[in-house]
>>> print(open('upload.txt').read())   # compact mmCIF, C-alpha atoms (C1' of nucleotides)
# COMPACT_ATOMS: atom_id res chain seq x y z
CA MET A 13 1.08 -4.10 29.42
CA LYS A 14 1.69 -0.91 27.49
CA ASP A 15 -0.84 -0.25 24.77
CA ASN A 16 0.25 0.53 21.23
CA ASN A 17 -1.55 3.83 21.63
CA ASP A 18 1.01 4.89 24.21
CA MET A 19 3.97 4.16 21.95
CA PRO A 20 5.15 7.25 20.09
CA GLY A 21 6.89 5.07 17.53
CA HIS A 22 3.66 3.27 16.70
CA LEU A 23 1.71 6.52 16.49
CA ALA A 24 4.41 8.02 14.28
CA ARG A 25 4.13 5.15 11.84
CA ARG A 26 0.34 5.32 11.75
CA PHE A 27 0.22 9.04 11.23
CA GLN A 28 2.74 8.86 8.42
CA GLN A 29 0.86 5.95 6.87
CA ILE A 30 -2.29 8.05 6.76
CA ALA A 31 -0.38 11.07 5.47
CA VAL A 32 0.96 9.08 2.54
CA ALA A 33 -2.43 7.56 1.73
CA VAL A 34 -4.10 10.99 1.77
CA PHE A 35 -1.36 12.45 -0.42
CA HIS A 36 -1.78 9.72 -3.00
CA ALA A 37 -5.56 9.98 -2.98
CA GLU A 38 -5.57 13.73 -3.58
CA VAL A 39 -2.77 13.73 -6.13
CA ASP A 40 -4.20 10.81 -8.10
CA GLU A 41 -7.59 12.46 -8.21
CA ALA A 42 -6.01 15.62 -9.57
CA GLY A 43 -4.60 13.49 -12.39
CA TYR A 44 -0.95 13.43 -11.33
CA ASP A 45 1.40 10.55 -10.68
CA LEU A 46 3.90 11.72 -8.07
CA THR A 47 4.83 10.23 -4.72
CA PRO A 48 5.30 12.38 -1.60
CA VAL A 49 9.05 11.93 -1.84
CA GLN A 50 9.15 12.83 -5.51
CA TYR A 51 7.10 15.94 -4.81
CA ALA A 52 9.42 17.05 -2.01
CA ALA A 53 12.46 16.53 -4.20
CA LEU A 54 10.95 18.38 -7.14
CA ALA A 55 9.94 21.32 -4.96
CA ALA A 56 13.37 21.52 -3.36
CA ILE A 57 15.13 21.48 -6.72
CA SER A 58 12.80 24.18 -8.00
CA THR A 59 13.78 26.40 -5.07
CA ASN A 60 17.47 25.49 -5.35
CA PRO A 61 18.29 25.15 -9.03
CA GLY A 62 21.56 23.37 -9.71
CA VAL A 63 21.82 21.57 -6.37
CA ASP A 64 23.86 18.41 -6.23
CA GLN A 65 22.26 15.26 -4.88
CA ILE A 66 23.96 15.27 -1.48
CA THR A 67 22.82 18.82 -0.78
CA LEU A 68 19.34 17.95 -1.96
CA ALA A 69 19.30 15.01 0.42
CA GLY A 70 20.20 17.31 3.30
CA LEU A 71 17.57 19.87 2.36
CA ILE A 72 14.72 17.42 2.70
CA ALA A 73 16.31 14.89 5.07
CA TYR A 74 16.60 11.88 2.81
CA ASP A 75 19.17 9.22 2.83
CA ARG A 76 21.74 9.80 0.08
CA THR A 77 21.23 6.36 -1.39
CA THR A 78 17.48 6.88 -1.67
CA ILE A 79 17.98 10.04 -3.70
CA THR A 80 19.55 8.19 -6.60
CA GLY A 81 16.40 6.22 -7.35
CA VAL A 82 14.06 9.14 -6.74
CA VAL A 83 16.00 11.38 -9.13
CA ASP A 84 16.17 8.53 -11.65
CA ARG A 85 12.40 8.33 -11.73
CA LEU A 86 11.92 12.10 -11.93
CA VAL A 87 14.35 12.26 -14.84
CA GLN A 88 12.55 9.33 -16.44
CA LYS A 89 9.31 11.30 -16.20
CA GLY A 90 10.94 14.31 -17.82
CA LEU A 91 10.49 16.56 -14.79
CA LEU A 92 14.20 16.95 -14.07
CA VAL A 93 17.51 17.01 -15.88
CA ARG A 94 20.71 15.68 -14.30
CA ASN A 95 24.01 16.98 -15.64
CA ALA A 96 27.59 16.50 -14.54
CA SER A 97 28.89 19.56 -12.77
CA THR A 98 31.69 21.47 -14.47
CA LYS A 99 33.15 22.60 -11.15
CA ASP A 100 33.23 19.13 -9.58
CA ARG A 101 33.10 16.22 -11.94
CA ARG A 102 31.89 13.90 -9.15
CA ALA A 103 28.72 15.92 -8.67
CA ARG A 104 25.48 16.04 -10.67
CA GLU A 105 23.61 19.29 -10.97
CA LEU A 106 19.84 18.99 -10.87
CA GLN A 107 17.55 21.34 -12.77
CA ILE A 108 13.78 21.33 -13.02
CA THR A 109 12.36 21.25 -16.57
CA ASP A 110 9.44 23.29 -17.90
CA GLU A 111 7.36 20.15 -17.63
CA GLY A 112 8.50 19.77 -14.02
CA ARG A 113 7.53 23.31 -13.17
CA LYS A 114 4.16 22.88 -14.80
CA THR A 115 3.60 19.73 -12.76
CA LEU A 116 4.66 21.47 -9.57
CA ASP A 117 2.22 24.31 -10.19
CA GLY A 118 -0.62 22.04 -11.20
CA ILE A 119 -0.22 19.71 -8.27
CA ALA A 120 -0.10 22.44 -5.61
CA PRO A 121 -3.84 22.53 -4.77
CA ALA A 122 -3.92 18.75 -4.29
CA VAL A 123 -0.91 18.88 -2.00
CA GLU A 124 -2.52 21.67 0.01
CA ALA A 125 -5.73 19.69 0.30
CA ALA A 126 -3.85 16.63 1.47
CA GLN A 127 -2.06 18.55 4.20
CA GLU A 128 -5.41 19.74 5.53
CA LEU A 129 -7.14 16.42 5.18
CA MET A 130 -4.62 14.58 7.29
CA LEU A 131 -5.37 16.98 10.16
CA ARG A 132 -9.14 17.00 9.74
CA GLY A 133 -9.73 15.52 13.18
CA LEU A 134 -8.05 18.45 14.90
CA THR A 135 -9.12 22.03 15.55
CA ALA A 136 -6.96 24.75 14.06
CA GLU A 137 -5.31 25.32 17.44
CA GLU A 138 -4.65 21.64 17.90
CA ALA A 139 -3.20 21.36 14.42
CA ASP A 140 -0.81 24.23 15.11
CA GLU A 141 0.20 22.68 18.39
CA LEU A 142 0.80 19.28 16.76
CA LEU A 143 3.09 20.84 14.19
CA ARG A 144 4.95 22.78 16.86
CA LEU A 145 5.52 19.66 18.95
CA LEU A 146 6.60 17.62 15.95
CA ARG A 147 9.07 20.32 14.94
CA LYS A 148 10.47 20.43 18.46
CA ALA A 149 10.82 16.66 18.78
CA ILE A 150 12.39 16.45 15.32
CA ALA A 151 14.88 19.22 16.07
CA ALA A 152 16.06 17.36 19.15
CA GLY A 153 16.33 14.07 17.27
CA ASN A 154 17.70 15.39 13.98
CA GLU A 155 21.16 13.90 14.36
CA LEU A 156 19.85 10.51 15.42
CA SER A 157 18.88 9.43 11.91
CA ARG A 158 21.22 8.69 9.04
CA ALA A 159 19.50 11.39 6.98
CA PRO A 160 19.42 14.55 9.10
CA LEU A 161 18.20 17.87 7.79
CA ARG A 162 21.03 20.09 6.57
CA GLU A 163 20.18 23.70 5.94
CA THR A 164 23.23 24.30 3.79
CA SER A 165 21.95 25.43 0.44
CA VAL A 166 23.94 25.69 -2.74
CA THR A 167 23.83 29.47 -2.43
CA ALA A 168 25.19 29.31 1.10
CA LYS A 169 28.00 27.10 -0.14
CA ALA A 170 28.87 29.45 -2.98
CA LYS A 171 28.74 32.55 -0.78
CA PRO A 172 29.76 31.58 2.76
CA ALA A 173 28.45 33.96 5.39
CA THR A 174 31.93 35.05 6.43
CA MET B 271 6.30 29.71 -0.50
CA LYS B 272 5.29 27.22 2.14
CA ASP B 273 8.16 25.82 4.13
CA ASN B 274 8.62 22.11 4.60
CA ASN B 275 8.32 22.78 8.31
CA ASP B 276 4.68 23.75 7.83
CA MET B 277 3.81 20.54 6.01
CA PRO B 278 2.38 17.93 8.35
CA GLY B 279 3.21 15.20 5.84
CA HIS B 280 6.87 16.18 5.82
CA LEU B 281 7.00 16.38 9.61
CA ALA B 282 5.28 13.01 9.89
CA ARG B 283 7.93 11.41 7.70
CA ARG B 284 10.79 13.01 9.61
CA PHE B 285 9.44 12.04 13.01
CA GLN B 286 8.89 8.48 11.92
CA GLN B 287 12.34 8.38 10.37
CA ILE B 288 13.87 9.39 13.69
CA ALA B 289 11.65 6.96 15.59
CA VAL B 290 12.87 4.06 13.47
CA ALA B 291 16.52 5.10 13.77
CA VAL B 292 16.25 5.37 17.56
CA PHE B 293 14.52 2.01 17.78
CA HIS B 294 17.26 0.31 15.80
CA ALA B 295 20.02 2.00 17.77
CA GLU B 296 18.63 0.92 21.15
CA VAL B 297 17.66 -2.58 20.06
CA ASP B 298 20.98 -3.25 18.33
CA GLU B 299 22.89 -2.07 21.37
CA ALA B 300 20.88 -4.45 23.53
CA GLY B 301 22.06 -7.25 21.25
CA TYR B 302 18.82 -7.95 19.41
CA ASP B 303 18.02 -7.99 15.72
CA LEU B 304 14.36 -6.99 15.38
CA THR B 305 12.77 -4.23 13.32
CA PRO B 306 10.00 -2.02 14.73
CA VAL B 307 7.45 -3.84 12.61
CA GLN B 308 8.69 -7.26 13.69
CA TYR B 309 8.52 -6.17 17.32
CA ALA B 310 4.95 -4.92 16.98
CA ALA B 311 3.87 -8.14 15.31
CA LEU B 312 5.57 -10.32 17.90
CA ALA B 313 4.02 -8.37 20.77
CA ALA B 314 0.55 -8.54 19.22
CA ILE B 315 0.80 -12.29 18.68
CA SER B 316 1.98 -12.76 22.24
CA THR B 317 -1.13 -10.94 23.48
CA ASN B 318 -3.44 -12.71 21.00
CA PRO B 319 -2.18 -16.28 20.65
CA GLY B 320 -3.56 -18.10 17.64
CA VAL B 321 -4.52 -15.02 15.64
CA ASP B 322 -4.73 -15.32 11.89
CA GLN B 323 -2.72 -12.95 9.73
CA ILE B 324 -5.60 -10.73 8.65
CA THR B 325 -6.65 -10.13 12.24
CA LEU B 326 -3.05 -9.46 13.19
CA ALA B 327 -2.81 -6.91 10.38
CA GLY B 328 -5.86 -5.12 11.75
CA LEU B 329 -4.57 -5.14 15.31
CA ILE B 330 -1.44 -3.21 14.43
CA ALA B 331 -2.63 -1.47 11.27
CA TYR B 332 -0.45 -3.13 8.67
CA ASP B 333 -1.25 -3.88 5.12
CA ARG B 334 -2.18 -7.55 4.72
CA THR B 335 0.43 -8.12 2.04
CA THR B 336 3.19 -6.75 4.25
CA ILE B 337 2.33 -9.22 7.00
CA THR B 338 3.31 -12.22 4.90
CA GLY B 339 6.94 -11.16 4.69
CA VAL B 340 7.15 -9.99 8.29
CA VAL B 341 5.77 -13.29 9.56
CA ASP B 342 8.09 -15.19 7.20
CA ARG B 343 11.10 -13.53 8.78
CA LEU B 344 9.87 -14.04 12.35
CA VAL B 345 9.28 -17.74 11.61
CA GLN B 346 12.73 -17.90 10.01
CA LYS B 347 14.23 -16.54 13.23
CA GLY B 348 12.36 -19.13 15.28
CA LEU B 349 10.31 -16.58 17.19
CA LEU B 350 6.95 -17.68 15.76
CA VAL B 351 5.25 -20.77 14.44
CA ARG B 352 2.67 -20.61 11.66
CA ASN B 353 0.20 -23.49 11.39
CA ALA B 354 -2.82 -24.05 9.20
CA SER B 355 -6.00 -23.55 11.16
CA THR B 356 -8.15 -26.64 11.69
CA LYS B 357 -11.32 -24.56 11.70
CA ASP B 358 -10.56 -22.68 8.49
CA ARG B 359 -8.04 -24.20 6.15
CA ARG B 360 -7.46 -20.85 4.44
CA ALA B 361 -6.16 -19.29 7.66
CA ARG B 362 -2.81 -19.62 9.43
CA GLU B 363 -2.72 -19.54 13.21
CA LEU B 364 0.25 -17.69 14.66
CA GLN B 365 1.83 -18.68 17.97
CA ILE B 366 4.83 -17.21 19.72
CA THR B 367 7.61 -19.67 20.62
CA ASP B 368 9.55 -19.83 23.88
CA GLU B 369 12.41 -18.19 22.05
CA GLY B 370 10.03 -15.48 20.88
CA ARG B 371 8.77 -14.83 24.38
CA LYS B 372 12.30 -14.67 25.70
CA THR B 373 13.19 -12.16 22.99
CA LEU B 374 10.12 -10.08 23.75
CA ASP B 375 11.01 -9.94 27.46
CA GLY B 376 14.66 -9.23 26.84
CA ILE B 377 14.03 -6.47 24.36
CA ALA B 378 11.47 -4.60 26.47
CA PRO B 379 13.91 -2.20 28.20
CA ALA B 380 15.45 -1.18 24.87
CA VAL B 381 12.02 -0.53 23.38
CA GLU B 382 11.07 1.56 26.41
CA ALA B 383 14.28 3.53 26.14
CA ALA B 384 13.68 4.17 22.44
CA GLN B 385 10.18 5.50 23.07
CA GLU B 386 11.58 7.99 25.56
CA LEU B 387 14.56 8.95 23.46
CA MET B 388 12.48 9.96 20.48
CA LEU B 389 10.65 12.46 22.70
CA ARG B 390 13.71 13.77 24.49
CA GLY B 391 13.24 17.29 23.15
CA LEU B 392 9.84 17.63 24.81
CA THR B 393 8.76 18.18 28.39
CA ALA B 394 6.58 15.48 29.93
CA GLU B 395 3.51 17.64 29.37
CA GLU B 396 4.42 18.30 25.76
CA ALA B 397 5.06 14.61 25.16
CA ASP B 398 1.62 13.73 26.53
CA GLU B 399 0.02 16.38 24.39
CA LEU B 400 1.85 15.20 21.27
CA LEU B 401 0.60 11.66 21.81
CA ARG B 402 -2.93 12.89 22.42
CA LEU B 403 -2.95 14.94 19.22
CA LEU B 404 -1.46 12.10 17.18
CA ARG B 405 -4.10 9.70 18.52
CA LYS B 406 -6.84 12.17 17.65
CA ALA B 407 -5.57 12.85 14.13
CA ILE B 408 -5.07 9.12 13.53
CA ALA B 409 -8.56 8.26 14.75
CA ALA B 410 -10.06 10.73 12.28
CA GLY B 411 -7.94 9.42 9.43
CA ASN B 412 -8.05 5.72 10.25
CA GLU B 413 -10.20 4.71 7.32
CA LEU B 414 -8.17 6.72 4.83
CA SER B 415 -5.33 4.21 4.62
CA ARG B 416 -5.46 0.74 3.15
CA ALA B 417 -4.40 -0.70 6.50
CA PRO B 418 -6.74 0.76 9.14
CA LEU B 419 -6.67 -0.33 12.76
CA ARG B 420 -9.28 -3.01 13.51
CA GLU B 421 -9.96 -3.71 17.14
CA THR B 422 -11.56 -7.07 16.45
CA SER B 423 -9.52 -9.59 18.38
CA VAL B 424 -9.69 -13.33 18.01
CA THR B 425 -11.45 -13.51 21.36
CA ALA B 426 -14.03 -10.97 20.25
CA LYS B 427 -14.65 -13.03 17.13
CA ALA B 428 -15.14 -16.21 19.13
CA LYS B 429 -17.41 -14.55 21.66
CA PRO B 430 -19.38 -11.75 20.00
CA ALA B 431 -20.65 -9.13 22.42
CA THR B 432 -24.30 -9.84 21.63
C1' DC C 260 54.62 16.24 -5.99
C1' DA C 261 53.11 11.84 -3.70
C1' DA C 262 50.49 9.69 -0.18
C1' DT C 263 46.34 10.05 2.32
C1' DA C 264 41.86 11.28 3.45
C1' DT C 265 37.49 12.91 2.08
C1' DT C 266 33.57 13.42 -0.79
C1' DG C 267 29.60 12.66 -4.55
C1' DA C 268 27.39 9.08 -6.60
C1' DT C 269 26.17 4.54 -7.26
C1' DC C 270 25.40 -0.40 -6.28
C1' DA C 271 24.17 -4.85 -3.86
C1' DG C 272 21.35 -6.50 -0.46
C1' DT C 273 17.47 -6.40 2.88
C1' DA C 274 12.96 -4.84 4.78
C1' DT C 275 8.84 -2.10 4.66
C1' DG C 276 4.53 -0.68 2.37
C1' DC C 277 1.59 -0.31 -1.24
C1' DT C 278 -1.66 -1.84 -5.83
C1' DG C 279 -3.73 -5.31 -8.07
C1' DA C 280 -4.19 -10.23 -9.31
C1' DT C 281 -4.62 -15.09 -8.19
C1' DT C 282 -5.57 -19.33 -5.62
C1' DA C 283 -7.84 -22.03 -2.25
C1' DT C 284 -11.42 -22.24 0.82
C1' DC C 285 -15.62 -21.10 3.04
C1' DA C 286 -20.55 -19.38 3.41
C1' DG C 287 -25.03 -18.57 1.72
C1' DT C 288 -28.65 -19.57 -1.38
C1' DA C 289 -31.65 -21.16 -5.08
C1' DT D 51 -26.12 -29.77 -4.73
C1' DA D 52 -24.51 -26.23 -8.02
C1' DC D 53 -23.80 -21.36 -8.11
C1' DT D 54 -22.36 -17.09 -6.32
C1' DG D 55 -19.96 -14.21 -3.49
C1' DA D 56 -16.75 -13.34 0.16
C1' DT D 57 -12.49 -14.23 2.55
C1' DA D 58 -7.28 -15.72 3.99
C1' DA D 59 -3.10 -15.89 2.05
C1' DT D 60 0.16 -15.27 -1.35
C1' DC D 61 2.47 -13.34 -5.42
C1' DA D 62 4.38 -10.00 -8.93
C1' DG D 63 5.72 -5.50 -9.35
C1' DC D 64 7.02 -0.89 -7.86
C1' DA D 65 8.85 2.75 -4.65
C1' DT D 66 10.79 4.10 -0.43
C1' DA D 67 14.55 3.62 3.28
C1' DC D 68 18.38 1.77 5.22
C1' DT D 69 23.59 -0.63 5.83
C1' DG D 70 27.77 -1.12 3.96
C1' DA D 71 30.86 -1.30 -0.06
C1' DT D 72 32.98 0.55 -4.23
C1' DC D 73 34.60 3.90 -7.64
C1' DA D 74 36.03 8.28 -9.36
C1' DA D 75 37.35 12.74 -8.32
C1' DT D 76 38.81 16.26 -5.16
C1' DA D 77 41.22 18.16 -1.06
C1' DT D 78 44.82 18.00 2.26
C1' DT D 79 49.15 17.30 4.01
C1' DG D 80 53.95 15.93 4.54
>>> encode(input="upload.txt", output="structure tokens")
Amino acid sequence: MKDNNDMPGHLARRFQQIAVAVFHAEVDEAGYDLTPVQYAALAAISTNPGVDQITLAGLIAYDRTTITGVVDRLVQKGLLVRNASTKDRRARELQITDEGRKTLDGIAPAVEAAQELMLRGLTAEEADELLRLLRKAIAAGNELSRAPLRETSVTAKAKPAT
Amino acid sequence: MKDNNDMPGHLARRFQQIAVAVFHAEVDEAGYDLTPVQYAALAAISTNPGVDQITLAGLIAYDRTTITGVVDRLVQKGLLVRNASTKDRRARELQITDEGRKTLDGIAPAVEAAQELMLRGLTAEEADELLRLLRKAIAAGNELSRAPLRETSVTAKAKPAT
DNA sequence: CAATATTGATCAGTATGCTGATTATCAGTA
DNA sequence: TACTGATAATCAGCATACTGATCAATATTG
């Protein structure tokens, strides 16, 4: 009988479970109320002002239907604004607000601390190796999920390489 | 600016996302309708007949409140029975049904295939190392989540080591 | 230009996963 | 035995994640 500890799927779930718990603990203690997903979205929009929701989904590998709710809540909190695009009336352009940028700056140390805490059982070399192996496994499996990573940024769209 | 690819939390989410997608793809193709969580619960109950829900939660590191719904759906599908314990009227004893055992046997090849598929980008040595590092990181972070792994089995409860 | 296909966003529905509260029961003790 | 505390299960509520459908707008093609 195969043990749970030999099942990569089980270990993946457990590691992610701990990662989320650590994120919440650090962020709450710092006085912020943001989930890991909301943080990732906010950071991606900050780096790519004016992205539409589909592109945002690709940048951080979310499902497109999940984005709607996440953006709703970030707008609700006043950290984002969502406006109809003038170039494509189907699309919504996302912009971070001053409040959103302030939150992003203020939360950074807590996020950093969380990333370290979730690897506290490993040496620095082991941590690097874990990240390398995760990246490699993810790259090979990217297209297997409904929400693959898409590196197409808004800028790349506007100014195609050719 | 730190890239998402350097954030263990982000990589954890992506790897788990792919793991779940691969699990569903393989299991659906084999003609079964079970989620990863339902499979883990069913397997644990098969190995520990008569467990109560709290012990089950500890065995596979779920939150206790999540178990209720998962067990509901497995009972609904006829794969489990849930009976009030005679020893402790608060507790529910979980037993796998013949149908449940048949499902567990039939689904095994698909589950095996999924576990391999999610590591297809890695060599055998890398896969082993990834699992080792995940186990180590998880062991160090076990108590940080609300749903830590508890190795106390029903048998261990009935016959304490001392 | 008209028919067709595609795309961005949203929605309904289902299943995790969590926080915090409640209920019923059990265990220990004065 | 009455009181106190702990425990098993459930519930309400919220936030991911997904499948599949729908709607509006855009792009493509005959």
>>> atom_distance(input="upload.txt", atom1="CA of Gln323 in chain B", atom2="CA of Val341 in chain B")
8.5 Å
>>> atom_distance(input="upload.txt", atom1="CA of Gly112 in chain A", atom2="CA of Leu92 in chain A")
6.4 Å
>>> residues_near_point(input="upload.txt", point="(16.6, -12.6, 17.9)", cutoff="8 Å", atoms="all atoms listed in the file", output="PyMOL selection string")
chain B and resi 302-304+347+349+370+373
>>> closest_atom_pairs(input="upload.txt", of="chain C", to="chain A", cutoff="12 Å", atoms="only C-alpha atoms (C1' of nucleotides)", output="tab-separated table")
residue	atom	partner	partner_atom	distance
C:DT266	C1'	A:Arg102	CA	8.5
C:DG267	C1'	A:Arg102	CA	5.3
C:DA268	C1'	A:Arg102	CA	7.1
C:DT269	C1'	A:Thr80	CA	7.6
C:DC270	C1'	A:Thr77	CA	9.3
C:DA271	C1'	A:Thr77	CA	11.8
C:DT275	C1'	A:Arg25	CA	11.2
C:DG276	C1'	A:Gln29	CA	8.8
C:DC277	C1'	A:Ala33	CA	9.3
C:DT278	C1'	A:His36	CA	11.9
>>> residues_around(input="upload.txt", residues="Thr78 in chain A", least_positions_apart="4", cutoff="9 Å", atoms="all atoms listed in the file", output="compact mmCIF listing (two decimals) with C-alpha atoms (C1' of nucleotides), in the coordinates of the input")
# COMPACT_ATOMS: atom_id res chain seq x y z
CA ALA A 69 19.30 15.01 0.42
CA TYR A 74 16.60 11.88 2.81
CA VAL A 82 14.06 9.14 -6.74
CA VAL A 83 16.00 11.38 -9.13
C1' DT D 66 10.79 4.10 -0.43
C1' DA D 67 14.55 3.62 3.28
C1' DC D 68 18.38 1.77 5.22
>>> residues_around(input="upload.txt", residues="Arg94 in chain A", least_positions_apart="6", cutoff="7 Å", atoms="all atoms listed in the file", output="list in words")
Arg104, Glu105, Leu106 and Gln107 of chain A
>>> closest_residue(input="upload.txt", among="A:Glu41, A:Val63, A:Ser157, A:Ala151", to="chain D", atoms="all atoms listed in the file")
A:Ser157
>>> interface_residues(input="upload.txt", of="chain A", to="chain B", cutoff="6 Å", atoms="all atoms listed in the file", output="mmCIF file with C-alpha atoms, keeping the file's coordinate frame")
data_model
loop_
_atom_site.group_PDB
_atom_site.id
_atom_site.type_symbol
_atom_site.label_atom_id
_atom_site.label_comp_id
_atom_site.auth_asym_id
_atom_site.auth_seq_id
_atom_site.Cartn_x
_atom_site.Cartn_y
_atom_site.Cartn_z
ATOM 1 C CA GLY A 21 6.890 5.070 17.530
ATOM 2 C CA ALA A 24 4.410 8.020 14.280
ATOM 3 C CA ARG A 25 4.130 5.150 11.840
ATOM 4 C CA PHE A 27 0.220 9.040 11.230
ATOM 5 C CA GLN A 28 2.740 8.860 8.420
ATOM 6 C CA ILE A 30 -2.290 8.050 6.760
ATOM 7 C CA ALA A 31 -0.380 11.070 5.470
ATOM 8 C CA ALA A 33 -2.430 7.560 1.730
ATOM 9 C CA LEU A 131 -5.370 16.980 10.160
ATOM 10 C CA GLY A 133 -9.730 15.520 13.180
ATOM 11 C CA ALA A 149 10.820 16.660 18.780
ATOM 12 C CA ILE A 150 12.390 16.450 15.320
ATOM 13 C CA ALA A 152 16.060 17.360 19.150
ATOM 14 C CA SER A 157 18.880 9.430 11.910
#
>>> interface_residues(input="upload.txt", of="chain D", to="chain B", cutoff="8 Å", atoms="all atoms listed in the file", output="list in words")
DA58, DA59 and DT60 of chain D
>>> residues_around(input="upload.txt", residues="DT54 in chain D", least_positions_apart="2", cutoff="12 Å", atoms="all atoms listed in the file", output="PDB file with C-alpha atoms (C1' of nucleotides), in the frame of the given file")
ATOM      1  C1'  DA C 286     -20.550 -19.380   3.410  1.00  0.00           C
ATOM      2  C1'  DG C 287     -25.030 -18.570   1.720  1.00  0.00           C
ATOM      3  C1'  DT C 288     -28.650 -19.570  -1.380  1.00  0.00           C
ATOM      4  C1'  DA C 289     -31.650 -21.160  -5.080  1.00  0.00           C
TER       5       DA C 289
ATOM      6  C1'  DA D  52     -24.510 -26.230  -8.020  1.00  0.00           C
ATOM      7  C1'  DA D  56     -16.750 -13.340   0.160  1.00  0.00           C
TER       8       DA D  56
END
>>> atom_distance(input="upload.txt", atom1="CA of Leu344 in chain B", atom2="CA of Thr305 in chain B")
10.3 Å
